[in-house]
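Below is one structure; the comments refer to it alone.
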Amino acid sequence: MRRKSISAEIKSAVFYPTILVISYIGVGLTYKFGADTVLSGAIKAATLFLFLDYTTMFFDPIMNISRVIADLQQAQASAERIVSLIETKID
């Protein structure tokens with residue numbers, strides 16, 4: 001059970017930051033291409049702000065889902081411990 005708990009912690013420690021990095025890469029790309037587009041005069045700065053806001057709003061639910069998945073992995077390890085205690089024969 002210790003191995004399963006450690007495995008769940010490692011998975012949650014890797015999964016959430018990975019999603020976080022991917023979301024910030026998306027926001028960074030929006031900044032870069034948006035700034036280039038604003039400087040070329042194709043769009044206004046207010047439009048860029050809206051795109052940045054939409055990008056952030058797009059990744060918020062993904063971040064919430066990744067947190068829930070990490071919590072579920074920890075809960076699964078805890079549930080396995082509880083089941084093993086229930087199934088233990090009384091001495």
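To be explicit about the labels: the chains of the structure tokens are called A, B, and onward in the order shown, and within each one the residues are counted from 1, while ligands get numbers from 1 in the order they are shown.
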If you count only C-alpha atoms, which residues fall within 7 Å of stretch 59-68 of chain A, apart from same-chain ones fewer than 5 positions away, as a VMD selection string? chain A and resid 16 19 to 20 23
Filtering to C-alpha atoms, could you give me those residues as a short mmCIF file (atom, residue, chain, number, x, y, z; two decimals), in the first residue's frame?
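Heads up, here's the output in out.cif:
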data_model
loop_
_atom_site.label_atom_id
_atom_site.label_comp_id
_atom_site.auth_asym_id
_atom_site.auth_seq_id
_atom_site.Cartn_x
_atom_site.Cartn_y
_atom_site.Cartn_z
CA TYR A 16 -0.70 19.01 -12.33
CA ILE A 19 -0.93 20.83 -17.26
CA LEU A 20 0.14 24.13 -15.70
CA SER A 23 -1.49 26.24 -20.15
#
So what do you get for atom CA of A:Ser78 versus atom CA of A:Ala13, distance-wise? 16.6 Å
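One distance worth recording is that between atom CA of A:Gln73 and atom CA of A:Lys11, which is 8.0 Å.
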